[in-house]
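Trainee: Got model18.pdb for you, PDB, C-alpha atoms and all ligand atoms:
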ATOM      1  CA  MET P   1       0.000   0.000   0.000
ATOM      2  CA  LYS P   2       1.213   3.463  -0.913
ATOM      3  CA  LYS P   3       1.198   5.447   2.297
ATOM      4  CA  ILE P   4       1.125   9.215   2.659
ATOM      5  CA  LEU P   5       1.503  11.422   5.712
ATOM      6  CA  ILE P   6      -0.578  14.589   5.385
ATOM      7  CA  VAL P   7       0.433  17.461   7.667
ATOM      8  CA  GLU P   8      -1.988  20.376   7.562
ATOM      9  CA  ASP P   9      -3.625  22.323  10.378
ATOM     10  CA  GLU P  10      -6.741  23.293   8.436
ATOM     11  CA  ALA P  11      -9.060  20.309   8.681
ATOM     12  CA  ALA P  12     -10.976  21.183   5.490
ATOM     13  CA  ILE P  13      -7.832  21.274   3.348
ATOM     14  CA  ARG P  14      -6.485  18.149   5.026
ATOM     15  CA  GLY P  15      -9.727  16.324   4.303
ATOM     16  CA  PHE P  16      -9.713  17.510   0.704
ATOM     17  CA  GLU P  17      -6.195  16.180   0.202
ATOM     18  CA  ALA P  18      -7.004  12.879   1.903
ATOM     19  CA  ILE P  19     -10.176  12.236  -0.086
ATOM     20  CA  ASN P  20      -8.456  12.824  -3.390
ATOM     21  CA  LEU P  21      -5.445  10.727  -2.518
ATOM     22  CA  ASN P  22      -7.620   7.903  -1.161
ATOM     23  CA  ARG P  23      -9.564   7.880  -4.416
ATOM     24  CA  ALA P  24      -6.307   7.447  -6.284
ATOM     25  CA  GLY P  25      -5.367   4.438  -4.178
ATOM     26  CA  TYR P  26      -3.176   5.991  -1.517
ATOM     27  CA  GLU P  27      -3.528   5.242   2.159
ATOM     28  CA  THR P  28      -3.401   8.498   4.119
ATOM     29  CA  VAL P  29      -2.508   9.317   7.708
ATOM     30  CA  GLU P  30      -3.403  12.821   8.875
ATOM     31  CA  ALA P  31      -1.644  15.117  11.320
ATOM     32  CA  GLY P  32      -2.780  18.592  12.388
ATOM     33  CA  SER P  33       0.639  19.724  13.564
ATOM     34  CA  ALA P  34       4.325  19.044  12.994
ATOM     35  CA  GLU P  35       4.666  17.622  16.491
ATOM     36  CA  GLU P  36       1.853  15.158  15.858
ATOM     37  CA  ALA P  37       3.385  14.259  12.489
ATOM     38  CA  LEU P  38       6.747  13.406  14.059
ATOM     39  CA  GLU P  39       5.093  11.237  16.645
ATOM     40  CA  LEU P  40       3.159   9.366  13.943
ATOM     41  CA  PHE P  41       6.253   8.991  11.806
ATOM     42  CA  ASP P  42       8.298   7.625  14.685
ATOM     43  CA  ASN P  43       5.631   5.107  15.670
ATOM     44  CA  GLU P  44       4.346   3.850  12.334
ATOM     45  CA  GLU P  45       6.149   2.228   9.454
ATOM     46  CA  GLY P  46       5.875   2.352   5.719
ATOM     47  CA  PHE P  47       5.417   6.020   4.858
ATOM     48  CA  ASP P  48       6.349   6.688   1.230
ATOM     49  CA  ILE P  49       5.528  10.375   0.971
ATOM     50  CA  ALA P  50       4.858  13.305   3.302
ATOM     51  CA  LEU P  51       2.800  16.343   2.281
ATOM     52  CA  LEU P  52       3.843  19.244   4.473
ATOM     53  CA  ASP P  53       2.017  22.519   4.857
ATOM     54  CA  ILE P  54       4.454  25.330   5.674
ATOM     55  CA  SER P  55       2.364  27.472   8.043
ATOM     56  CA  LEU P  56       1.573  25.294  11.015
ATOM     57  CA  PRO P  57       0.952  26.120  14.654
ATOM     58  CA  GLY P  58       4.079  25.388  16.708
ATOM     59  CA  MET P  59       6.865  23.882  14.634
ATOM     60  CA  ASP P  60       6.574  25.038  11.011
ATOM     61  CA  GLY P  61       6.728  22.919   7.878
ATOM     62  CA  PHE P  62      10.333  23.838   7.091
ATOM     63  CA  THR P  63      11.578  22.635  10.459
ATOM     64  CA  LEU P  64       9.441  19.520  10.150
ATOM     65  CA  CYS P  65      11.004  18.812   6.756
ATOM     66  CA  LYS P  66      14.457  19.063   8.285
ATOM     67  CA  GLU P  67      13.460  16.793  11.164
ATOM     68  CA  LEU P  68      12.070  14.158   8.795
ATOM     69  CA  ARG P  69      15.153  14.340   6.600
ATOM     70  CA  ARG P  70      17.311  13.819   9.637
ATOM     71  CA  ARG P  71      15.462  10.565  10.201
ATOM     72  CA  THR P  72      15.397   9.281   6.616
ATOM     73  CA  GLY P  73      16.533  10.088   3.101
ATOM     74  CA  GLU P  74      14.042   7.691   1.581
ATOM     75  CA  LEU P  75      10.789   9.473   2.342
ATOM     76  CA  GLY P  76       9.463  11.613  -0.508
ATOM     77  CA  ILE P  77       8.633  15.117   0.746
ATOM     78  CA  ILE P  78       6.338  17.638  -0.936
ATOM     79  CA  MET P  79       5.928  21.112   0.562
ATOM     80  CA  LEU P  80       2.639  22.961   0.199
ATOM     81  CA  THR P  81       3.112  26.682  -0.011
ATOM     82  CA  ALA P  82       0.379  29.290   0.219
ATOM     83  CA  ARG P  83       2.223  32.461  -0.660
ATOM     84  CA  THR P  84       4.568  33.317  -3.468
ATOM     85  CA  GLN P  85       7.040  34.822  -0.986
ATOM     86  CA  GLU P  86       7.501  31.355   0.392
ATOM     87  CA  MET P  87       8.940  30.294  -2.943
ATOM     88  CA  ASP P  88      12.328  31.823  -2.137
ATOM     89  CA  LYS P  89      12.571  29.840   1.033
ATOM     90  CA  ILE P  90      11.385  26.765  -0.835
ATOM     91  CA  SER P  91      14.137  26.905  -3.411
ATOM     92  CA  GLY P  92      16.666  27.045  -0.609
ATOM     93  CA  LEU P  93      15.017  24.078   0.919
ATOM     94  CA  MET P  94      14.818  21.863  -2.124
ATOM     95  CA  MET P  95      17.779  19.928  -0.792
ATOM     96  CA  GLY P  96      15.513  18.555   1.875
ATOM     97  CA  ALA P  97      12.160  18.559   0.105
ATOM     98  CA  ASP P  98      11.648  16.829  -3.219
ATOM     99  CA  ASP P  99       8.961  19.049  -4.637
ATOM    100  CA  TYR P 100       6.507  21.794  -3.782
ATOM    101  CA  VAL P 101       2.948  22.645  -4.761
ATOM    102  CA  THR P 102       1.519  26.155  -4.568
ATOM    103  CA  LYS P 103      -1.926  26.689  -3.037
ATOM    104  CA  PRO P 104      -4.584  26.804  -4.241
ATOM    105  CA  PHE P 105      -4.134  23.625  -6.237
ATOM    106  CA  SER P 106      -6.557  21.356  -8.047
ATOM    107  CA  PRO P 107      -6.930  17.684  -7.107
ATOM    108  CA  SER P 108      -5.412  16.665 -10.429
ATOM    109  CA  GLU P 109      -2.363  18.861  -9.876
ATOM    110  CA  LEU P 110      -1.781  17.441  -6.412
ATOM    111  CA  LEU P 111      -2.184  13.895  -7.707
ATOM    112  CA  ALA P 112       0.183  14.438 -10.598
ATOM    113  CA  ARG P 113       2.898  15.648  -8.248
ATOM    114  CA  VAL P 114       2.319  12.871  -5.721
ATOM    115  CA  ASP P 115       2.270  10.196  -8.445
ATOM    116  CA  SER P 116       5.474  11.508  -9.937
ATOM    117  CA  LEU P 117       7.259  11.555  -6.611
ATOM    118  CA  TYR P 118       5.873   8.151  -5.672
ATOM    119  CA  ARG P 119       7.291   6.672  -8.872
ATOM    120  CA  ARG P 120      10.712   7.997  -7.945
ATOM    121  CA  VAL P 121      10.574   6.820  -4.354
ATOM    122  CA  ASP P 122       9.341   3.418  -5.494
ATOM    123  CA  MET P 123      11.990   3.157  -8.228
ATOM    124  CA  HIS P 124      14.663   3.986  -5.700
ATOM    125  CA  ASN P 125      13.402   1.419  -3.222
ATOM    126  CA  SER P 126      12.936  -1.368  -5.768
ATOM    127  CA  SER P 127      16.415  -0.841  -7.211
ATOM    128  CA  LYS P 128      17.698  -1.085  -3.664
ATOM    129  CA  ARG P 129      15.742  -4.288  -3.117
ATOM    130  CA  SER P 130      17.072  -5.882  -6.283
ATOM    131  CA  GLY P 131      20.586  -4.760  -5.447
ATOM    132  CA  SER P 132      21.000  -3.114  -8.817
ATOM    133  CA  SER P 133      21.297   0.391  -7.454
ATOM    134  CA  ASP P 134      24.591   0.725  -9.347
ATOM    135  CA  GLU P 135      22.688   1.553 -12.473
ATOM    136  CA  ILE P 136      20.026   4.154 -13.129
ATOM    137  CA  ARG P 137      18.148   3.891 -16.416
ATOM    138  CA  LEU P 138      16.122   6.796 -17.758
ATOM    139  CA  GLY P 139      14.783   6.342 -21.278
ATOM    140  CA  ASP P 140      17.705   5.749 -23.655
ATOM    141  CA  PHE P 141      20.209   6.698 -20.974
ATOM    142  CA  SER P 142      21.951   4.494 -18.490
ATOM    143  CA  LEU P 143      24.095   5.810 -15.675
ATOM    144  CA  ASN P 144      26.447   3.417 -13.917
ATOM    145  CA  ILE P 145      27.255   4.838 -10.500
ATOM    146  CA  ARG P 146      30.003   2.383  -9.700
ATOM    147  CA  LYS P 147      31.836   2.569 -13.034
ATOM    148  CA  ARG P 148      30.954   6.263 -13.306
ATOM    149  CA  THR P 149      29.870   6.014 -16.909
ATOM    150  CA  LEU P 150      26.927   7.313 -18.897
ATOM    151  CA  SER P 151      25.633   5.747 -22.069
ATOM    152  CA  LYS P 152      22.939   6.671 -24.559
ATOM    153  CA  CYS P 153      21.393   3.847 -26.612
ATOM    154  CA  GLY P 154      24.302   1.670 -25.497
ATOM    155  CA  LYS P 155      26.976   4.143 -26.648
ATOM    156  CA  ASP P 156      29.311   5.565 -24.026
ATOM    157  CA  ILE P 157      29.391   9.321 -23.506
ATOM    158  CA  GLU P 158      32.639  10.803 -22.194
ATOM    159  CA  LEU P 159      32.038  12.949 -19.119
ATOM    160  CA  THR P 160      34.243  14.957 -16.800
ATOM    161  CA  GLN P 161      33.963  14.228 -13.070
ATOM    162  CA  VAL P 162      31.944  17.394 -12.581
ATOM    163  CA  GLU P 163      29.650  16.569 -15.478
ATOM    164  CA  PHE P 164      29.176  13.083 -14.092
ATOM    165  CA  GLN P 165      28.250  14.461 -10.690
ATOM    166  CA  ILE P 166      25.742  16.847 -12.231
ATOM    167  CA  ILE P 167      24.154  14.021 -14.224
ATOM    168  CA  GLU P 168      24.097  11.803 -11.164
ATOM    169  CA  TYR P 169      22.246  14.540  -9.287
ATOM    170  CA  PHE P 170      19.673  14.825 -12.082
ATOM    171  CA  PHE P 171      19.289  11.065 -12.455
ATOM    172  CA  THR P 172      18.574  10.604  -8.769
ATOM    173  CA  ASN P 173      16.000  13.432  -9.010
ATOM    174  CA  PRO P 174      14.323  12.932 -12.400
ATOM    175  CA  ASP P 175      11.515  15.307 -13.388
ATOM    176  CA  THR P 176      12.450  17.603 -10.536
ATOM    177  CA  ALA P 177      13.441  21.227 -10.952
ATOM    178  CA  LEU P 178      16.886  21.686  -9.426
ATOM    179  CA  GLY P 179      18.015  25.213  -8.650
ATOM    180  CA  ARG P 180      21.399  26.493  -9.799
ATOM    181  CA  GLY P 181      22.287  27.043  -6.149
ATOM    182  CA  ASP P 182      21.354  23.480  -5.268
ATOM    183  CA  ILE P 183      23.450  22.072  -8.101
ATOM    184  CA  LEU P 184      26.334  24.296  -7.056
ATOM    185  CA  VAL P 185      26.233  23.092  -3.465
ATOM    186  CA  LYS P 186      25.707  19.457  -4.457
ATOM    187  CA  VAL P 187      28.505  19.284  -7.015
ATOM    188  CA  TRP P 188      30.958  22.020  -6.098
ATOM    189  CA  GLY P 189      30.349  21.831  -2.382
ATOM    190  CA  GLU P 190      29.108  24.091   0.367
ATOM    191  CA  ALA P 191      32.402  26.003   0.502
ATOM    192  CA  TYR P 192      32.335  27.060  -3.124
ATOM    193  CA  TYR P 193      31.877  30.797  -3.393
ATOM    194  CA  GLY P 194      32.020  31.119  -7.156
ATOM    195  CA  GLU P 195      29.218  32.163  -9.419
ATOM    196  CA  GLU P 196      26.207  30.122 -10.392
ATOM    197  CA  LYS P 197      27.185  30.761 -14.012
ATOM    198  CA  ILE P 198      29.557  27.831 -13.702
ATOM    199  CA  VAL P 199      26.480  25.634 -13.546
ATOM    200  CA  ASP P 200      25.097  27.091 -16.790
ATOM    201  CA  VAL P 201      28.436  26.557 -18.501
ATOM    202  CA  ASN P 202      28.522  22.903 -17.511
ATOM    203  CA  ILE P 203      24.906  22.366 -18.484
ATOM    204  CA  ARG P 204      25.595  23.842 -21.915
ATOM    205  CA  ARG P 205      28.536  21.496 -22.332
ATOM    206  CA  LEU P 206      26.501  18.521 -21.169
ATOM    207  CA  ARG P 207      23.789  19.326 -23.684
ATOM    208  CA  MET P 208      26.366  19.185 -26.468
ATOM    209  CA  LYS P 209      27.148  15.657 -25.376
ATOM    210  CA  ILE P 210      23.697  14.239 -24.707
ATOM    211  CA  GLU P 211      21.094  16.127 -26.733
ATOM    212  CA  ASP P 212      20.258  15.407 -30.356
ATOM    213  CA  ASP P 213      19.812  19.137 -30.847
ATOM    214  CA  PRO P 214      21.643  21.025 -28.047
ATOM    215  CA  SER P 215      19.902  24.297 -28.926
ATOM    216  CA  ARG P 216      16.547  22.605 -28.370
ATOM    217  CA  PRO P 217      17.185  20.320 -25.405
ATOM    218  CA  LYS P 218      14.632  17.603 -24.700
ATOM    219  CA  HIS P 219      16.270  15.937 -21.716
ATOM    220  CA  LEU P 220      18.190  18.565 -19.796
ATOM    221  CA  VAL P 221      15.625  21.344 -19.892
ATOM    222  CA  THR P 222      15.623  24.851 -18.447
ATOM    223  CA  VAL P 223      13.143  25.724 -15.708
ATOM    224  CA  TRP P 224      12.838  29.460 -16.103
ATOM    225  CA  GLY P 225      13.746  31.514 -13.070
ATOM    226  CA  MET P 226      14.880  28.458 -11.192
ATOM    227  CA  GLY P 227      17.351  26.138 -12.793
ATOM    228  CA  TYR P 228      17.198  22.869 -14.697
ATOM    229  CA  LYS P 229      15.510  19.548 -14.732
ATOM    230  CA  TRP P 230      15.970  16.128 -16.306
ATOM    231  CA  ASN P 231      12.852  15.473 -18.299
ATOM    232  CA  THR P 232      11.841  11.828 -18.656
ATOM    233  CA  GLU P 233       8.624  12.529 -20.587
ATOM    234  CA  GLU P 234       8.786  12.519 -24.360
TER     235      GLU P 234
HETATM  236 CA    CA Y   1      -1.638  26.012   7.533
END
For this file, write the structure as C-alpha cells.
Ligand code: CA
Mentor:
Amino acid sequence: MKKILIVEDEAAIRGFEAINLNRAGYETVEAGSAEEALELFDNEEGFDIALLDISLPGMDGFTLCKELRRRTGELGIIMLTARTQEMDKISGLMMGADDYVTKPFSPSELLARVDSLYRRVDMHNSSKRSGSSDEIRLGDFSLNIRKRTLSKCGKDIELTQVEFQIIEYFFTNPDTALGRGDILVKVWGEAYYGEEKIVDVNIRRLRMKIEDDPSRPKHLVTVWGMGYKWNTEE
C-alpha cells in the first residue's frame, strides 16, 4: 500500500487532500501539527511520501522537513506553499524537500505531483531491493554509479567528473526542478563561493554531449527563473 503522511492544520484542506489521494489508491494518515506528524512517523512504518504545509501552529513545515530528513533520506517530501514569498525559502530548501505545490491547487495537480514523486521513491526502493542500485536507467540513458559512466542507446558518452556528478544529481531526481544554487552546493560543495554561471556553462557542455539538438534540449531542460531539470517525458 502506498502510504502518505498529510500534515496540515486546516481540517478542510487536510480532508480535501485525503479524499483525493484515497480515491487514487493511496492510504493516508493525517496530522494537524508538525509535532503530531513526528510522533506518527516515529511510531508507524511504511510512509512513502509526506505532504507538508508550511504554516503550522508550533513547529513550522520547514523545520518539520528538516526533522524528517534527519530521520530518513528515503521518504518523498512535498511542501505545500500558500504564498509566493515562500517560494524563495522553498528553493533554498529543495535539498531537503523533493517538490513543492503552490496553493490553491486542483486535485489533479496534487495527484500528478504525488504520483510523480511516488514513482521515484518506489523506483529507488525497488532498485535497492534488487541490489541493482549501481545503475540508473532513464529512457535511452543508463548511468552506472560504480563505473561512473553514462551511455545513450548503449553508446558511451565521455564525461568529466563534474559533469558526471551533475548528471548523477539529475538522475537521482528525475523530473524535478533543481536550482542552480542546489546544483552548485551538491557538485561544487558548500564552501564554493564562485558564481552560479559555472552551472550554466557545464549544463551547456553537457547538452552538447547528450542532446540530439543542443539548442533545443529535450532531456536537460531549463526551468525558467529556477534552474534545470531532467525530463523523462517525451
Ligand atoms: Ca496552515
Trainee: Determine the residue set returned by the PyMOL selection byres (((not hetatm)) within 7 of (chain Y and resi 1)) for the present structure, and present it as a list in words.
Mentor: Glu8, Asp9, Glu10, Asp53, Ile54, Ser55 and Leu56 of chain P
Trainee: Could you work out how far atom CA of Leu64 of chain P lies from atom CA of Lys186 of chain P, giving the answer in Å with one decimal?
Mentor: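 So the two atoms, atom CA of Lys186 of chain P and atom CA of Leu64 of chain P, lie 21.9 Å apart.
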Trainee: List the residues matched by the PyMOL selection byres (((chain P and resi 119) around 12) and not hetatm) in the displayed structure as an mmCIF file with C-alpha atoms, in the coordinates of the input, ordered by chain and then by residue number.
Mentor:
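File result_13.cif, as written:
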data_model
loop_
_atom_site.group_PDB
_atom_site.id
_atom_site.type_symbol
_atom_site.label_atom_id
_atom_site.label_comp_id
_atom_site.auth_asym_id
_atom_site.auth_seq_id
_atom_site.Cartn_x
_atom_site.Cartn_y
_atom_site.Cartn_z
ATOM 1 C CA LYS P 2 1.213 3.463 -0.913
ATOM 2 C CA ASP P 48 6.349 6.688 1.230
ATOM 3 C CA ILE P 49 5.528 10.375 0.971
ATOM 4 C CA GLY P 76 9.463 11.613 -0.508
ATOM 5 C CA LEU P 111 -2.184 13.895 -7.707
ATOM 6 C CA ALA P 112 0.183 14.438 -10.598
ATOM 7 C CA ARG P 113 2.898 15.648 -8.248
ATOM 8 C CA VAL P 114 2.319 12.871 -5.721
ATOM 9 C CA ASP P 115 2.270 10.196 -8.445
ATOM 10 C CA SER P 116 5.474 11.508 -9.937
ATOM 11 C CA LEU P 117 7.259 11.555 -6.611
ATOM 12 C CA TYR P 118 5.873 8.151 -5.672
ATOM 13 C CA ARG P 120 10.712 7.997 -7.945
ATOM 14 C CA VAL P 121 10.574 6.820 -4.354
ATOM 15 C CA ASP P 122 9.341 3.418 -5.494
ATOM 16 C CA MET P 123 11.990 3.157 -8.228
ATOM 17 C CA HIS P 124 14.663 3.986 -5.700
ATOM 18 C CA ASN P 125 13.402 1.419 -3.222
ATOM 19 C CA SER P 126 12.936 -1.368 -5.768
ATOM 20 C CA SER P 127 16.415 -0.841 -7.211
ATOM 21 C CA THR P 172 18.574 10.604 -8.769
ATOM 22 C CA ASN P 173 16.000 13.432 -9.010
ATOM 23 C CA PRO P 174 14.323 12.932 -12.400
ATOM 24 C CA ASP P 175 11.515 15.307 -13.388
ATOM 25 C CA THR P 232 11.841 11.828 -18.656
#
Trainee: Distance atom CA of Tyr100 of chain P-atom CA of Tyr169 of chain P, one decimal place?
Mentor: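 Atom-to-atom, atom CA of Tyr100 of chain P to atom CA of Tyr169 of chain P, that is 18.2 Å.
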Trainee: Build an axis-aligned box that encloses every atom of segment 162-170 of chain P listed in the file, pad it by 3 Å on each side, and report its centre and edge lengths in Å to one decimal, as AutoDock Vina command-line options.
Mentor:
--center_x 25.8 --center_y 14.6 --center_z -12.4 --size_x 18.3 --size_y 11.6 --size_z 12.2
Trainee: Mind telling me what the PyMOL selection byres (((chain P and resi 155) around 12) and not hetatm) catches here, as a PDB file with C-alpha atoms, keeping the file's coordinate frame?
Mentor:
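Produced file out_24.pdb, reproduced below:
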ATOM      1  CA  ASP P 140      17.705   5.749 -23.655  1.00  0.00           C
ATOM      2  CA  PHE P 141      20.209   6.698 -20.974  1.00  0.00           C
ATOM      3  CA  SER P 142      21.951   4.494 -18.490  1.00  0.00           C
ATOM      4  CA  LEU P 143      24.095   5.810 -15.675  1.00  0.00           C
ATOM      5  CA  THR P 149      29.870   6.014 -16.909  1.00  0.00           C
ATOM      6  CA  LEU P 150      26.927   7.313 -18.897  1.00  0.00           C
ATOM      7  CA  SER P 151      25.633   5.747 -22.069  1.00  0.00           C
ATOM      8  CA  LYS P 152      22.939   6.671 -24.559  1.00  0.00           C
ATOM      9  CA  CYS P 153      21.393   3.847 -26.612  1.00  0.00           C
ATOM     10  CA  GLY P 154      24.302   1.670 -25.497  1.00  0.00           C
ATOM     11  CA  ASP P 156      29.311   5.565 -24.026  1.00  0.00           C
ATOM     12  CA  ILE P 157      29.391   9.321 -23.506  1.00  0.00           C
ATOM     13  CA  GLU P 158      32.639  10.803 -22.194  1.00  0.00           C
ATOM     14  CA  LYS P 209      27.148  15.657 -25.376  1.00  0.00           C
ATOM     15  CA  ILE P 210      23.697  14.239 -24.707  1.00  0.00           C
TER      16      ILE P 210
END
Trainee: Measuring atom to atom with only C-alpha atoms, identify which of P:Thr72, P:Gln161, P:Arg14, P:Ile166 is nearest to Leu52 of chain P.
Mentor: P:Arg14
Trainee: What does the structure give for the distance between atom CA of Thr81 of chain P and atom CA of Trp230 of chain P, in Å to one decimal?
Mentor: 23.3 Å
Trainee: Excluding Glu45 of chain P and any residue of its chain fewer than 4 positions from it, enumerate the residues within 12 Å of it, using all atoms listed in the file, and give them as a list in words.
Mentor: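 Contacts, with the query itself left out: Met1, Lys2, Lys3, Ile4, Leu5, Val29, Glu39, Leu40, Phe41, Ile49, Thr72 and Leu75 of chain P.
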Trainee: From the set P:Leu38, P:Gly46, P:Ile19, P:Asn144, which residue has the shortest atom-to-atom contact distance to Leu110 of chain P, counting all atoms listed in the file?
Mentor: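 Checking each of P:Leu38, P:Gly46, P:Ile19, P:Asn144 against Leu110 of chain P, counting all atoms listed in the file, the winner is P:Ile19.
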Trainee: Could you tell me which of P:Phe171, P:Phe105, P:Trp224, P:Phe164 comes closest to Phe16 of chain P if we count all atoms listed in the file?
Mentor: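 Among P:Phe171, P:Phe105, P:Trp224, P:Phe164, it is P:Phe105 that comes nearest to Phe16 of chain P.
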Trainee: Could you check the closest approach to Asn22 of chain P for each of P:Val7, P:Pro107, P:Met226, P:Ile145 and tell me which residue wins, using all atoms listed in the file?
Mentor: P:Pro107
Trainee: What's the 7 Å shell around segment 187-189 of chain P, counting all atoms listed in the file, without same-chain residues fewer than 4 positions away, as a ChimeraX atom specification?
Mentor: /P:162,165-166,183
Trainee: What does the file look like for those residues with C-alpha atoms, as a PDB file, in the frame of the given file?
Mentor:
ATOM      1  CA  VAL P 162      31.944  17.394 -12.581  1.00  0.00           C
ATOM      2  CA  GLN P 165      28.250  14.461 -10.690  1.00  0.00           C
ATOM      3  CA  ILE P 166      25.742  16.847 -12.231  1.00  0.00           C
ATOM      4  CA  ILE P 183      23.450  22.072  -8.101  1.00  0.00           C
TER       5      ILE P 183
END
Trainee: Name the residues in contact with segment 194-202 of chain P at a cut-off of 8 Å, using all atoms listed in the file, excluding same-chain residues fewer than 2 positions from it; report them as a list in words.
Mentor: Glu163, Arg180, Gly181, Ile183, Leu184, Tyr192, Arg204, Arg205 and Leu206 of chain P
Trainee: Which residues come within 9 Å of Val223 of chain P, counting only C-alpha atoms, excluding same-chain residues fewer than 4 positions away, as a PyMOL selection string?
Mentor: chain P and resi 177-179+227-229
